[in-house]
Structure formats: C-alpha cells, structure tokens
Amino acid sequence: MLTVDFARLPAGPGDRVLDLGCGGGRHAFEALRRGARVVALDTDPGELARVRDMFTAMTEAGEVPAGASAAVAVGDATALPFPAGCFDAVIAAEVLEHIPADQAAMNEIARVLRPGGRAAVTVPAWLPERVCWRLSDDYHDTPGVHVRIFTRRELRVKLSRAGLAVSGQHHAHALHSPYWWLKCAVGVHDDGHPLASAYHRLLVWDITRRPAVTRIAERALNPLIGKSLVVYADKDAAA
C-alpha cells in the first residue's frame with residue numbers, strides 16, 4: 001500500500017532515492033522495482049533486517065531491473081549519515097510526526113537532496129488525527145507514537161524554512177481513517193476486538209483485490225477524511 005505517488009518523483013533508472021524512516025520498506029521496494037538506486041534508512045535494526053531480506057528476495061525473483069541497487073542504513077533523521085546533495089528524491093512517509101525535532105529532520109532532508117531534487121513528505125492529516133487523539137489517550141501517549149498533529153500550514157512553513165518549495169499535495173487512505181477511529185474507540189491495542197478485526201479484513205481485501213467500488217469511494221473521500229496528507233517539495237535547482 002503506497003502513500004506517495006511515484007509519478008511525481010524522480011524514482012526511475014539511475015535515480016538515487018532515500019526512504020527515510022522506511023519502516024517495513026514499502027516505498028523502498030517500489031523505488032527498487034522502478035530501477036532506482038535505493039537506500040532504506042531507519043532507527044530499528046530489526047526492521048532493516050527484514051527490509052534487506054526482501055531486497056534479496058526481489059533480486060532472486062527477477063523483480064529488480066538491471067542497474068538498480070538497494071542498501072539499508074541505521075541512522076537518525078536529524079543527523080543523516082550522507083553527504084550533501086547525494087539524492088535525487090527523499091521519501092519521508094509517516095515519520096515526522098514521531099520526531100520531536102521535526103524541523104531539524106526537514107533541514108536534513110533538504111541538505112541531502114541534490115539541487116532540483118524532490119522530497120515527498122507524508123504525515124497524518126489534521127482532522128482524522130485530531131479525532132484519534134480525542135478518542136484515545138493511548139493513541140498518542142504511548143512511547144514511540146505521535147508527538148504532534150500537523151496542520152497543512154505548519155508542514156508547508158517548516159519545509160519552506162528548510163529551503164524546500166512545496167509544489168503539490170494530496171490526501172490518501174480515506175478508508176483507513178474510520179478503522180483508526182474504531183480502534184481508538186474500542187481500545188487502540190485491542191487487535192482482537194470483533195469490530196476492529198472485521199474492518200481490518202475489509203482493508204486487507206481492498207488492498208489485495210482493489211475493487212472498483214472501494215477505489216472510487218476512496219478517491220471521493222480522500223479530500224475530506226484522507227488519513228495521510230502527502231506534500232511534494234522541491235529544492236531550488238540553483239541551490
């Protein structure tokens with residue numbers, strides 16, 4: 001399940017792509033399939049081990065085009081272990097809401113982008129996230145979870161301070177917002193609750209089958225209750 005629209009990114013053959021805070025690696029895998037030279041970075045060595053295994057499996061299955069490559073790196077988003085200007089694209093999907101020093105992380109994203117490069121930054125959208133915070137203290141008080149709710153303006157202003165000009169935006173995953181509202185209402189850690197389990201099965205069915213009815217519904221609902229706000233921001237080519 002991708003949040004970022006890869007048609008808006010330089011993520012093809014020869015492009016250097018950083019998946020910052022890669023988690024399970026979904027965006028890194030897509031960039032690799034498209035022929036990019038990918039680095040997946042995270043603070044969790046366990047997650048990175050699984051991402052590395054998937055990179056290997058993709059290569060063995062013939063899913064990796066000639067010239068593409070993939071690597072993993074343990075690192076801190078506020079002090080990236082890369083030289084300036086070394087990536088054509090940086091993806092930071094559902095990461096900044098976890099980082100207290102979010103401006104420092106955005107400054108680092110801008111630093112490692114080449115002049116003319118593009119960042120794709122996604123955060124939980126304000127309205128769906130606000131509902132979750134009101135329904136459940138556990139949703140945001142547990143260590144390692146979200147430390148802030150971004151407004152669209154706040155994200156744009158902070159990216160601008162970092163030297164990145166916002167060039168586009170959209171919302172994604174509207175069908176996931178009711179799932180998280182339900183989870184927060186019945187107990188955010190209660191994965192076995194019948195209502196939450198039933199909705200989760202629906203989401204899995206939608207992700208694997210992608211029926212027209214749910215695709216149409218999600219496109220219609222995304223501007224209203226899309227769970228993720230996706231912003232694309234460019235580094236000045238003369239930087």
# chains A, B, ... in the order shown; residues from 1 in each chain; ligands from 1
$ residues_around --residues "region 154-158 of chain A" --least-positions-apart "4" --cutoff "8 Å" --atoms "only C-alpha atoms" --output "list in words"
Gln103, Met106, Phe150, Ala162 and Val166 of chain A
$ write_last_selection --atoms "N, CA and C atoms" --output "PDB file, in the first residue's frame"
ATOM      1  N   GLN A 103      11.857  20.032  12.704  1.00  0.00           N
ATOM      2  CA  GLN A 103      12.496  20.995  11.806  1.00  0.00           C
ATOM      3  C   GLN A 103      13.914  20.565  11.455  1.00  0.00           C
ATOM      4  N   MET A 106      13.638  18.014   8.731  1.00  0.00           N
ATOM      5  CA  MET A 106      13.350  18.608   7.424  1.00  0.00           C
ATOM      6  C   MET A 106      14.576  19.321   6.859  1.00  0.00           C
ATOM      7  N   PHE A 150       0.106  17.729  12.780  1.00  0.00           N
ATOM      8  CA  PHE A 150       0.466  18.766  11.822  1.00  0.00           C
ATOM      9  C   PHE A 150      -0.780  19.395  11.211  1.00  0.00           C
ATOM     10  N   ALA A 162      13.230  25.019   5.641  1.00  0.00           N
ATOM     11  CA  ALA A 162      14.339  24.118   5.320  1.00  0.00           C
ATOM     12  C   ALA A 162      14.926  24.386   3.934  1.00  0.00           C
ATOM     13  N   VAL A 166       7.094  23.913  -1.749  1.00  0.00           N
ATOM     14  CA  VAL A 166       6.004  22.968  -1.971  1.00  0.00           C
ATOM     15  C   VAL A 166       5.461  23.132  -3.387  1.00  0.00           C
TER      16      VAL A 166
END
$ select_by_dssp --residues "region 106-153 of chain A" --states "helix (DSSP H, G or I)" --output "list in words"
Met106, Asn107, Glu108, Ile109, Ala110, Arg111, Val112, Trp126, Leu127, Pro128, Glu129, Arg130, Val131, Cys132, Trp133, Arg134, Leu135, Asp138, Tyr139, His140, Asp141, Arg152 and Arg153 of chain A
$ residues_around --residues "region 73-88 of chain A" --least-positions-apart "2" --cutoff "8 Å" --atoms "only C-alpha atoms" --output "PyMOL selection string"
chain A and resi 10-11+15-18+20-21+39-45+48+71+90+101-102+104-108+111-118
$ atom_distance --atom1 "CA of Leu32 (chain A)" --atom2 "CA of Arg219 (chain A)"
26.4 Å
$ atom_distance --atom1 "CA of Gly23 (chain A)" --atom2 "CA of Ala92 (chain A)"
10.4 Å
$ decode --residues "region 184-199 of chain A" --atoms "C-alpha atoms" --output "PDB file, in the first residue's frame"
ATOM      1  CA  CYS A 184      -9.277   4.279  19.290  1.00  0.00           C
ATOM      2  CA  ALA A 185     -12.868   3.866  20.443  1.00  0.00           C
ATOM      3  CA  VAL A 186     -12.637   0.171  21.384  1.00  0.00           C
ATOM      4  CA  GLY A 187      -9.008   0.150  22.555  1.00  0.00           C
ATOM      5  CA  VAL A 188      -6.092   1.037  20.301  1.00  0.00           C
ATOM      6  CA  HIS A 189      -4.115  -2.031  21.405  1.00  0.00           C
ATOM      7  CA  ASP A 190      -7.069  -4.447  21.226  1.00  0.00           C
ATOM      8  CA  ASP A 191      -6.386  -6.041  17.841  1.00  0.00           C
ATOM      9  CA  GLY A 192      -8.775  -8.882  18.620  1.00  0.00           C
ATOM     10  CA  HIS A 193     -11.892  -6.769  19.047  1.00  0.00           C
ATOM     11  CA  PRO A 194     -14.579  -8.134  16.660  1.00  0.00           C
ATOM     12  CA  LEU A 195     -15.379  -4.758  15.088  1.00  0.00           C
ATOM     13  CA  ALA A 196     -11.744  -3.816  14.585  1.00  0.00           C
ATOM     14  CA  SER A 197     -10.945  -7.277  13.201  1.00  0.00           C
ATOM     15  CA  ALA A 198     -13.838  -7.117  10.752  1.00  0.00           C
ATOM     16  CA  TYR A 199     -12.799  -3.713   9.454  1.00  0.00           C
TER      17      TYR A 199
END
